[in-house]
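To start, the structure itself, in structure tokens.
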Amino acid sequence: MTSFSQTHPQRFRRTALRSGRQHGIFPNIFGGIRMDSMTLNVVLIALIVFAGLSYLFVINQTSVGGYQLEELQRNIDKSKREYRQLDLSRAELQSMAAIQEAGSRMQMVAADSVQYLPSVGGAAVASR
């Protein structure tokens with residue numbers, strides 16, 4: 001039978017120092033992986049930098065979304081104003097005074113009496 005020391009290299013073994021403690025300041029952190037304080041500091045700094053950059057990204061996306069929302073709201077308000085203006089123009093153009101004025105500009109005359117032709121057989125057909 002082979003011993004543990006023969007199958008596992010020295011750097012992966014958990015061995016006690018003469019004082020009875022394991023290597024490193026934080027010996028059993030991260031499931032038994034040994035880390036000295038310098039490695040742990042680098043990992044913590046990297047996590048803090050990552051968290052800061054993530055925060056900046058989220059804040060940037062939120063502000064861009066707010067700006068786009070304001071722009072869309074301005075477009076909606078502009079479209080509503082244009083719609084009201086066009087609705088007023090339509091109402092003015094459909095008024096009787098506007099129709100009579102357009103008729104006189106085109107030199108049309110009002111019909112005095114309207115005569116309808118009787119339909120034969122209950123159907124009306126236009127001929128060309």
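Labels used: A, B, ... for chains in the order of the structure tokens, numbers from 1 for residues in each chain, and numbers from 1 for ligands as shown.
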
Helix (DSSP H, G or I) residues, from DSSP on the backbone, in region 27-88 of chain A, as a VMD selection string: chain A and resid 37 to 88
